[in-house]
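J.: One structure follows; several queries about it will come next.
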Amino acid sequence: MTTYSDHLPSLDHQPYQHLFKPGFVHRRLYIDEDIFQQELLYLYGRTWLYIAHESEIANPNDFITRRVGGRPLIISRHATGSIHAFFNRCTHRGAIVCREPRGNTKGFICGYHAWTFNITGECTSVPRRQGYGKSFNLAQASLQPVARLESYRGFIFASYSKDVPSLTEHLGAAARLIDQWLDRGEKEPVVVQNGAMPFLVNANWKTIYDNAGDGYHPPFSHESMLKVFSNRYGDVDMNYYGSDFDKSPMYSKNLGNGHTFLDQRPEMHKLSAWKRQHVMPGYEVMENALIEKYGEARALSMLNASTGSGMNLNIFPNLLIIGNQIQMPEPLAANKTQLTWFATSREGVPEEINAIRMRMQEDFPSFGEVDDSANFEACQEGMASIPEMAWIDIRRHQDTKVGALDPADQLWREPMSSDLHMRTYWQRWQALMNTGATRTLVEAGVA
Amino acid sequence: MKSEAKTKTASFDLAFYDRMAAVLNAWKHLGEIPLDKIPPHGMMEEITRLLYLESRLIDQRRLREWLDLFAADGAYWIPADVDYCDPRRTIAWEFNDRRRLEERVERLETGQAYSQIPPTRTVHLLSNIEGMLADDGLLHVLCNFHIPAQRGQDHQARSGWCGYIFRKENKRWKIVLKRVNLFDADQPQSNLSFTL
């Protein structure tokens, strides 16, 4: 399939070419502070970024503040329902205007000189305005909105550059998978108002991104978890990683534009995902309560839809949909990333189901993610400290010739343990970075 | 399979969550402990010794002995918020019943729990220990904690307060609830795979 980068003019400015060779990427991409700063400009500054879910600002005058791609944002909802996103930086002296994580307000007052802005970011007053003379224009003092803002089924995306295609074009084949993730069970609306686990990881954001599509690591990184679960409960969730899982119907897929997908549903949802679900606090009593209220068939159908989705949908560069959670990796430094796991619930389902969803979403983070994080940090330390060893290996299934187009959607798929994900997003990374570097030079009048 | 799991465990049904909501509400608004709720001196001495024993067992990573301090329906809870949010609708860093707590200890014992290789060393320091008699023979205990923690080259401290509920079983106090309230629970947390 074509991607929108194919439509961009060909650019000969390729400052990163020497950091790639077939099947390998250079450690500098993970450890170099200059490259990190360039990523914030050229990559995060010039593509669609996931910034929030609409349910986080469900009511008129709701707002949240959040850093996305390094930039502090205010994301708000106007009384008419319209959604707005603007930089949380006073147009006057640069102060962070809103210093609360969330709330409901008619406007924002900068703590420094009380410049005041409404919920959509428009400047409504500047104290002692006459001191700026007659030419002063209030509208020009408004907080700066993001260049582009679009939603897809509740997921709000922004771009800091106007020079991006439509969100639909950007999402491409990933949109249909977002649909599948949302439309489970009885399609009750997904709500992202259930708190979050913000993990601080001392590793580059791409080390975390690598792992989001790494179907090779689970039986090894998570051996402690899998061992405990299978010893206690037999053939439960993720036990299918015990065998040669490249022969299983699970697969890894290239969705285009750097997006990828790992599909565990063929194993996890083969029979009853609930019956195969690792027990959580309340497993038995909630199951019984629901059966009593709704009968066995309906209860089981609701419970099957409450489990993890079996989907790992990776939307480059900062939206990772995993199980029932939404993850945002936020780059803090070349060697520091905040990985926030947002919990989700469903509006209108029985209280029992949402309580189960909470306890279920605490399961993997404390039994599995902790070991992932430890491995990310071990990777960062190894990459950063040994100049004699420069290359990172992303060759898996590159030469086995087992990849093929999926007849259903004509997308390229490879076995579960493939490094397809990494090879895919690194191409996108190079396209964005080369284009971003060139355009920035052009715009600055240098090239 | 699941039905054969031997462990008796806190029910985590809707009634349990109602009780949790009531406890949170009481702790959130607690001012001076009413005179008629103040435990007898000997009881507080007993509980303080138990808290110090718990600290020692955790710091020495004697987690099987630590588990024995919990009641069969005991729960261990580390919220991810600082707003006393309803756990029915809010995710926590951990909210374990006895069964999941045992699984947690078993995981650390496999020798493949990479987040604890090497293990985190801790020193539990407790202060501001207060007790309050509650209904049904339960005892609520609040204390502040400061836990310097070191793993590899990483050295940092975790701080906050703990809310306990104890019940006397066969003349021994057992932990019915341990709620570990990190004062920065809603902020980015690094490796929390050790025992708080």
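We label chains A, B, ... in the order they appear in the structure tokens, count residues from 1 in each chain, and number ligands from 1 in the order shown.
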Per residue of chain B within 8 Å of chain A, which atom pair is closest and at what distance in Å (one decimal), using only C-alpha atoms, listed by chain and increasing number, as a tab-separated table?
T.:
```
residue	atom	partner	partner_atom	distance
B:Met1	CA	A:Tyr233	CA	5.2
B:Lys2	CA	A:Tyr233	CA	6.0
B:Ala5	CA	A:Arg232	CA	7.4
B:Ala10	CA	A:Pro281	CA	7.6
B:Ser11	CA	A:Gly282	CA	5.7
B:Phe12	CA	A:Gly282	CA	4.5
B:Asp13	CA	A:Gly282	CA	5.9
B:Leu14	CA	A:Glu352	CA	7.2
B:Ala80	CA	A:Met197	CA	6.3
B:Asp81	CA	A:Gly195	CA	7.2
B:Pro87	CA	A:Ala355	CA	7.4
B:Arg88	CA	A:Ala355	CA	4.4
B:Arg89	CA	A:Asn194	CA	5.6
B:Thr90	CA	A:Asn194	CA	4.5
B:Ile91	CA	A:Met358	CA	5.3
B:Ala92	CA	A:Glu362	CA	6.7
B:Trp93	CA	A:Met197	CA	6.6
B:Glu94	CA	A:Glu362	CA	6.1
B:Phe95	CA	A:Arg359	CA	7.0
B:Asn96	CA	A:Pro281	CA	6.6
B:Asp97	CA	A:Pro281	CA	5.6
B:Arg99	CA	A:Pro281	CA	7.8
B:Arg100	CA	A:Pro281	CA	7.2
B:Glu103	CA	A:Val228	CA	6.5
B:Arg104	CA	A:Phe367	CA	7.3
B:Glu106	CA	A:Val228	CA	6.5
B:Arg107	CA	A:Ser224	CA	5.3
B:Leu108	CA	A:Ser224	CA	7.5
B:Thr110	CA	A:Ser224	CA	5.7
B:Gly111	CA	A:Ser224	CA	7.4
B:Gln112	CA	A:Ser224	CA	5.0
B:Ala113	CA	A:Ser224	CA	5.4
B:Tyr114	CA	A:Asp371	CA	5.2
B:Ser115	CA	A:Asp371	CA	4.6
B:Asp186	CA	A:Pro198	CA	7.3
B:Gln187	CA	A:Pro198	CA	6.4
B:Pro188	CA	A:Pro198	CA	4.5
B:Gln189	CA	A:Phe199	CA	5.0
B:Ser190	CA	A:Leu200	CA	4.7
B:Asn191	CA	A:Val370	CA	6.5
B:Leu192	CA	A:Val370	CA	7.5
B:Ser193	CA	A:Val370	CA	6.3
```
J.: Quick one: DSSP strand (DSSP E) residues in stretch 292-437 of chain A, as JSON, numbers by chain?
T.: {"A": [311, 312, 313, 314, 315, 319, 320, 321, 322, 325, 326, 327, 328, 329, 330, 331, 332, 333, 336, 337, 338, 339, 340, 341, 342, 345, 346, 391, 392, 393, 404, 405, 412, 413, 414, 415]}
J.: Take the residues from that selection and write them out as a JSON list (two decimals), in the first residue's frame, keeping C-alpha atoms.
T.:
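File produced: part30.json:
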```json
[["chain", "number", "residue", "atom", "x", "y", "z"],
["A", 311, "MET", "CA", -4.81, -6.96, 20.48],
["A", 312, "ASN", "CA", -1.54, -5.01, 20.50],
["A", 313, "LEU", "CA", -2.23, -2.10, 18.17],
["A", 314, "ASN", "CA", 0.73, 0.22, 17.79],
["A", 315, "ILE", "CA", 0.01, 3.60, 16.22],
["A", 319, "LEU", "CA", -0.40, 5.39, 20.95],
["A", 320, "LEU", "CA", -0.20, 1.77, 22.05],
["A", 321, "ILE", "CA", -3.48, -0.04, 22.53],
["A", 322, "ILE", "CA", -2.85, -3.17, 24.56],
["A", 325, "GLN", "CA", -5.50, -0.26, 28.17],
["A", 326, "ILE", "CA", -4.29, 2.77, 26.27],
["A", 327, "GLN", "CA", -0.60, 3.47, 26.63],
["A", 328, "MET", "CA", 1.12, 6.74, 25.84],
["A", 329, "PRO", "CA", 4.92, 6.69, 25.76],
["A", 330, "GLU", "CA", 6.11, 10.25, 26.40],
["A", 331, "PRO", "CA", 9.76, 11.04, 25.67],
["A", 332, "LEU", "CA", 11.44, 12.89, 28.55],
["A", 333, "ALA", "CA", 15.13, 12.55, 27.60],
["A", 336, "LYS", "CA", 14.07, 8.64, 30.10],
["A", 337, "THR", "CA", 10.45, 7.94, 29.15],
["A", 338, "GLN", "CA", 7.14, 8.17, 30.91],
["A", 339, "LEU", "CA", 4.94, 5.27, 29.87],
["A", 340, "THR", "CA", 1.40, 5.97, 31.04],
["A", 341, "TRP", "CA", -1.11, 3.11, 31.10],
["A", 342, "PHE", "CA", -4.63, 4.55, 31.04],
["A", 345, "SER", "CA", -14.12, 1.09, 31.59],
["A", 346, "ARG", "CA", -17.36, 0.81, 29.66],
["A", 391, "TRP", "CA", 24.51, -2.28, 16.51],
["A", 392, "ILE", "CA", 21.05, -3.43, 17.59],
["A", 393, "ASP", "CA", 19.70, -6.58, 15.90],
["A", 404, "ALA", "CA", 3.02, -13.06, 3.09],
["A", 405, "LEU", "CA", 0.19, -10.75, 2.16],
["A", 412, "TRP", "CA", 1.91, -7.86, 5.01],
["A", 413, "ARG", "CA", 2.06, -10.31, 7.89],
["A", 414, "GLU", "CA", 4.79, -12.39, 9.49],
["A", 415, "PRO", "CA", 4.97, -14.86, 12.38]]
```
J.: Env of B:Glu54: 12 Å cut, atoms = only C-alpha atoms, seq-sep filter 5 positions within chain, self excluded. Answer as a list in words.
T.: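 What passes the distance filter is Ile47, Thr48, Arg49, Asp59, Gln60, Arg61, Arg62, Leu63, Arg64, Glu65, Trp66, Leu67, Asp68, Leu69, Phe70, Val123, His124, Leu125, Leu126, Trp173, Lys174, Ile175, Lys178, Thr195 and Leu196 of chain B.
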J.: Quick one: everything within 12 Å of A:Asp34, counting only C-alpha atoms, minus sequence neighbours fewer than 6 positions away in the same chain. Send it as a list in words.
T.: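 My list of contacting residues is Tyr16, Arg28, Leu40, Leu41, Tyr42, Ala333 and Ala334 of chain A.
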J.: Restricting the output to all heavy atoms, write the selected residues as a PDB file, in the first residue's frame.
T.:
```
ATOM      1  N   TYR A  16      20.638  10.580   8.633  1.00  0.00           N
ATOM      2  CA  TYR A  16      20.664   9.422   9.534  1.00  0.00           C
ATOM      3  C   TYR A  16      21.006   8.117   8.838  1.00  0.00           C
ATOM      4  O   TYR A  16      21.020   7.066   9.467  1.00  0.00           O
ATOM      5  CB  TYR A  16      19.309   9.301  10.245  1.00  0.00           C
ATOM      6  CG  TYR A  16      18.874  10.593  10.870  1.00  0.00           C
ATOM      7  CD1 TYR A  16      17.924  11.408  10.272  1.00  0.00           C
ATOM      8  CD2 TYR A  16      19.473  11.033  12.060  1.00  0.00           C
ATOM      9  CE1 TYR A  16      17.561  12.626  10.829  1.00  0.00           C
ATOM     10  CE2 TYR A  16      19.119  12.246  12.629  1.00  0.00           C
ATOM     11  CZ  TYR A  16      18.165  13.036  12.005  1.00  0.00           C
ATOM     12  OH  TYR A  16      17.815  14.235  12.564  1.00  0.00           O
ATOM     13  N   ARG A  28      23.308   4.818  18.517  1.00  0.00           N
ATOM     14  CA  ARG A  28      23.168   6.274  18.696  1.00  0.00           C
ATOM     15  C   ARG A  28      21.710   6.719  18.625  1.00  0.00           C
ATOM     16  O   ARG A  28      21.316   7.720  19.227  1.00  0.00           O
ATOM     17  CB  ARG A  28      23.980   7.014  17.621  1.00  0.00           C
ATOM     18  CG  ARG A  28      25.415   7.306  18.058  1.00  0.00           C
ATOM     19  CD  ARG A  28      26.106   8.242  17.064  1.00  0.00           C
ATOM     20  NE  ARG A  28      25.408   9.514  16.947  1.00  0.00           N
ATOM     21  CZ  ARG A  28      25.464  10.298  15.870  1.00  0.00           C
ATOM     22  NH1 ARG A  28      26.167   9.917  14.816  1.00  0.00           N
ATOM     23  NH2 ARG A  28      24.815  11.449  15.840  1.00  0.00           N
ATOM     24  N   LEU A  40      12.203  15.426  18.702  1.00  0.00           N
ATOM     25  CA  LEU A  40      11.123  16.273  19.216  1.00  0.00           C
ATOM     26  C   LEU A  40      10.681  17.276  18.157  1.00  0.00           C
ATOM     27  O   LEU A  40       9.499  17.597  18.039  1.00  0.00           O
ATOM     28  CB  LEU A  40      11.572  16.995  20.493  1.00  0.00           C
ATOM     29  CG  LEU A  40      11.789  16.123  21.727  1.00  0.00           C
ATOM     30  CD1 LEU A  40      12.175  16.980  22.925  1.00  0.00           C
ATOM     31  CD2 LEU A  40      10.560  15.290  22.065  1.00  0.00           C
ATOM     32  N   LEU A  41      11.666  17.778  17.373  1.00  0.00           N
ATOM     33  CA  LEU A  41      11.341  18.748  16.327  1.00  0.00           C
ATOM     34  C   LEU A  41      10.786  18.078  15.075  1.00  0.00           C
ATOM     35  O   LEU A  41       9.705  18.409  14.601  1.00  0.00           O
ATOM     36  CB  LEU A  41      12.599  19.538  15.944  1.00  0.00           C
ATOM     37  CG  LEU A  41      13.105  20.568  16.944  1.00  0.00           C
ATOM     38  CD1 LEU A  41      14.456  21.109  16.484  1.00  0.00           C
ATOM     39  CD2 LEU A  41      12.096  21.707  17.102  1.00  0.00           C
ATOM     40  N   TYR A  42      11.539  17.149  14.517  1.00  0.00           N
ATOM     41  CA  TYR A  42      11.251  16.636  13.171  1.00  0.00           C
ATOM     42  C   TYR A  42      10.186  15.550  13.177  1.00  0.00           C
ATOM     43  O   TYR A  42       9.463  15.389  12.206  1.00  0.00           O
ATOM     44  CB  TYR A  42      12.515  16.069  12.511  1.00  0.00           C
ATOM     45  CG  TYR A  42      13.703  16.995  12.495  1.00  0.00           C
ATOM     46  CD1 TYR A  42      14.995  16.482  12.451  1.00  0.00           C
ATOM     47  CD2 TYR A  42      13.547  18.380  12.509  1.00  0.00           C
ATOM     48  CE1 TYR A  42      16.094  17.313  12.425  1.00  0.00           C
ATOM     49  CE2 TYR A  42      14.645  19.220  12.494  1.00  0.00           C
ATOM     50  CZ  TYR A  42      15.922  18.685  12.459  1.00  0.00           C
ATOM     51  OH  TYR A  42      17.005  19.500  12.447  1.00  0.00           O
ATOM     52  N   ALA A 333      13.714  12.306  27.922  1.00  0.00           N
ATOM     53  CA  ALA A 333      15.125  12.545  27.597  1.00  0.00           C
ATOM     54  C   ALA A 333      15.559  11.346  26.773  1.00  0.00           C
ATOM     55  O   ALA A 333      14.802  10.387  26.626  1.00  0.00           O
ATOM     56  CB  ALA A 333      15.965  12.665  28.871  1.00  0.00           C
ATOM     57  N   ALA A 334      16.767  11.392  26.220  1.00  0.00           N
ATOM     58  CA  ALA A 334      17.236  10.259  25.412  1.00  0.00           C
ATOM     59  C   ALA A 334      17.141   8.972  26.218  1.00  0.00           C
ATOM     60  O   ALA A 334      16.844   7.909  25.678  1.00  0.00           O
ATOM     61  CB  ALA A 334      18.662  10.495  24.944  1.00  0.00           C
TER      62      ALA A 334
END
```
J.: Using only C-alpha atoms, which residues sit within 7 Å of stretch 69-81 of chain A once same-chain residues fewer than 4 positions away are excluded, as number ranges by chain?
T.: A: 40, 44, 57, 59-65, 85-88, 119-120, 330-332
J.: Could those residues be written to a file, using N, CA, C and O atoms, as a PDB file, in the first residue's frame?
T.:
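Heads up, here's the output in out_4.pdb:
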```
ATOM      1  N   LEU A  40      12.203  15.426  18.702  1.00  0.00           N
ATOM      2  CA  LEU A  40      11.123  16.273  19.216  1.00  0.00           C
ATOM      3  C   LEU A  40      10.681  17.276  18.157  1.00  0.00           C
ATOM      4  O   LEU A  40       9.499  17.597  18.039  1.00  0.00           O
ATOM      5  N   TYR A  44       8.140  14.288  16.328  1.00  0.00           N
ATOM      6  CA  TYR A  44       6.972  14.664  17.135  1.00  0.00           C
ATOM      7  C   TYR A  44       6.377  15.986  16.667  1.00  0.00           C
ATOM      8  O   TYR A  44       5.188  16.236  16.847  1.00  0.00           O
ATOM      9  N   ILE A  57     -12.466  14.584  28.837  1.00  0.00           N
ATOM     10  CA  ILE A  57     -13.059  15.923  28.966  1.00  0.00           C
ATOM     11  C   ILE A  57     -14.523  15.800  28.547  1.00  0.00           C
ATOM     12  O   ILE A  57     -14.954  16.367  27.554  1.00  0.00           O
ATOM     13  N   ASN A  59     -17.404  16.733  29.921  1.00  0.00           N
ATOM     14  CA  ASN A  59     -18.419  17.764  30.166  1.00  0.00           C
ATOM     15  C   ASN A  59     -17.970  19.137  29.678  1.00  0.00           C
ATOM     16  O   ASN A  59     -16.774  19.393  29.559  1.00  0.00           O
ATOM     17  N   PRO A  60     -18.941  20.026  29.416  1.00  0.00           N
ATOM     18  CA  PRO A  60     -18.593  21.392  29.027  1.00  0.00           C
ATOM     19  C   PRO A  60     -17.637  22.013  30.045  1.00  0.00           C
ATOM     20  O   PRO A  60     -17.826  21.825  31.250  1.00  0.00           O
ATOM     21  N   ASN A  61     -16.623  22.713  29.553  1.00  0.00           N
ATOM     22  CA  ASN A  61     -15.630  23.403  30.382  1.00  0.00           C
ATOM     23  C   ASN A  61     -14.667  22.461  31.111  1.00  0.00           C
ATOM     24  O   ASN A  61     -13.908  22.889  31.968  1.00  0.00           O
ATOM     25  N   ASP A  62     -14.703  21.170  30.782  1.00  0.00           N
ATOM     26  CA  ASP A  62     -13.681  20.258  31.307  1.00  0.00           C
ATOM     27  C   ASP A  62     -12.360  20.532  30.593  1.00  0.00           C
ATOM     28  O   ASP A  62     -12.343  20.897  29.413  1.00  0.00           O
ATOM     29  N   PHE A  63     -11.271  20.344  31.321  1.00  0.00           N
ATOM     30  CA  PHE A  63      -9.967  20.426  30.671  1.00  0.00           C
ATOM     31  C   PHE A  63      -9.006  19.442  31.320  1.00  0.00           C
ATOM     32  O   PHE A  63      -9.211  19.009  32.461  1.00  0.00           O
ATOM     33  N   ILE A  64      -7.982  19.061  30.570  1.00  0.00           N
ATOM     34  CA  ILE A  64      -6.838  18.362  31.148  1.00  0.00           C
ATOM     35  C   ILE A  64      -5.579  19.056  30.638  1.00  0.00           C
ATOM     36  O   ILE A  64      -5.618  19.737  29.607  1.00  0.00           O
ATOM     37  N   THR A  65      -4.498  18.912  31.374  1.00  0.00           N
ATOM     38  CA  THR A  65      -3.203  19.369  30.875  1.00  0.00           C
ATOM     39  C   THR A  65      -2.299  18.153  30.791  1.00  0.00           C
ATOM     40  O   THR A  65      -2.411  17.228  31.595  1.00  0.00           O
ATOM     41  N   ALA A  85      -7.376  22.234  21.605  1.00  0.00           N
ATOM     42  CA  ALA A  85      -6.060  21.901  22.166  1.00  0.00           C
ATOM     43  C   ALA A  85      -5.111  23.027  21.823  1.00  0.00           C
ATOM     44  O   ALA A  85      -5.041  23.468  20.669  1.00  0.00           O
ATOM     45  N   PHE A  86      -4.428  23.536  22.852  1.00  0.00           N
ATOM     46  CA  PHE A  86      -3.494  24.647  22.620  1.00  0.00           C
ATOM     47  C   PHE A  86      -2.320  24.509  23.582  1.00  0.00           C
ATOM     48  O   PHE A  86      -2.384  23.785  24.579  1.00  0.00           O
ATOM     49  N   PHE A  87      -1.241  25.199  23.217  1.00  0.00           N
ATOM     50  CA  PHE A  87      -0.035  25.113  24.044  1.00  0.00           C
ATOM     51  C   PHE A  87      -0.275  25.813  25.374  1.00  0.00           C
ATOM     52  O   PHE A  87      -0.809  26.933  25.420  1.00  0.00           O
ATOM     53  N   ASN A  88       0.149  25.147  26.437  1.00  0.00           N
ATOM     54  CA  ASN A  88      -0.029  25.670  27.788  1.00  0.00           C
ATOM     55  C   ASN A  88       1.147  26.592  28.115  1.00  0.00           C
ATOM     56  O   ASN A  88       1.959  26.306  28.983  1.00  0.00           O
ATOM     57  N   ILE A 119     -11.872  29.091  27.847  1.00  0.00           N
ATOM     58  CA  ILE A 119     -11.694  27.638  27.752  1.00  0.00           C
ATOM     59  C   ILE A 119     -11.183  27.215  26.365  1.00  0.00           C
ATOM     60  O   ILE A 119     -10.626  26.133  26.206  1.00  0.00           O
ATOM     61  N   THR A 120     -11.340  28.068  25.370  1.00  0.00           N
ATOM     62  CA  THR A 120     -10.815  27.727  24.043  1.00  0.00           C
ATOM     63  C   THR A 120      -9.452  28.380  23.794  1.00  0.00           C
ATOM     64  O   THR A 120      -8.908  28.282  22.698  1.00  0.00           O
ATOM     65  N   GLU A 330       5.776   8.828  26.528  1.00  0.00           N
ATOM     66  CA  GLU A 330       6.108  10.247  26.403  1.00  0.00           C
ATOM     67  C   GLU A 330       7.610  10.428  26.618  1.00  0.00           C
ATOM     68  O   GLU A 330       8.149  10.123  27.684  1.00  0.00           O
ATOM     69  N   PRO A 331       8.306  10.907  25.568  1.00  0.00           N
ATOM     70  CA  PRO A 331       9.758  11.040  25.675  1.00  0.00           C
ATOM     71  C   PRO A 331      10.148  12.160  26.630  1.00  0.00           C
ATOM     72  O   PRO A 331       9.639  13.274  26.508  1.00  0.00           O
ATOM     73  N   LEU A 332      11.002  11.873  27.597  1.00  0.00           N
ATOM     74  CA  LEU A 332      11.444  12.894  28.547  1.00  0.00           C
ATOM     75  C   LEU A 332      12.899  13.282  28.295  1.00  0.00           C
ATOM     76  O   LEU A 332      13.280  14.431  28.468  1.00  0.00           O
TER      77      LEU A 332
END
```
J.: One decimal, Å: what's the distance from atom CA of A:Gln140 over to atom CA of A:Glu54, could you say?
T.: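 Atom CA of A:Gln140 sits 27.9 Å away from atom CA of A:Glu54.
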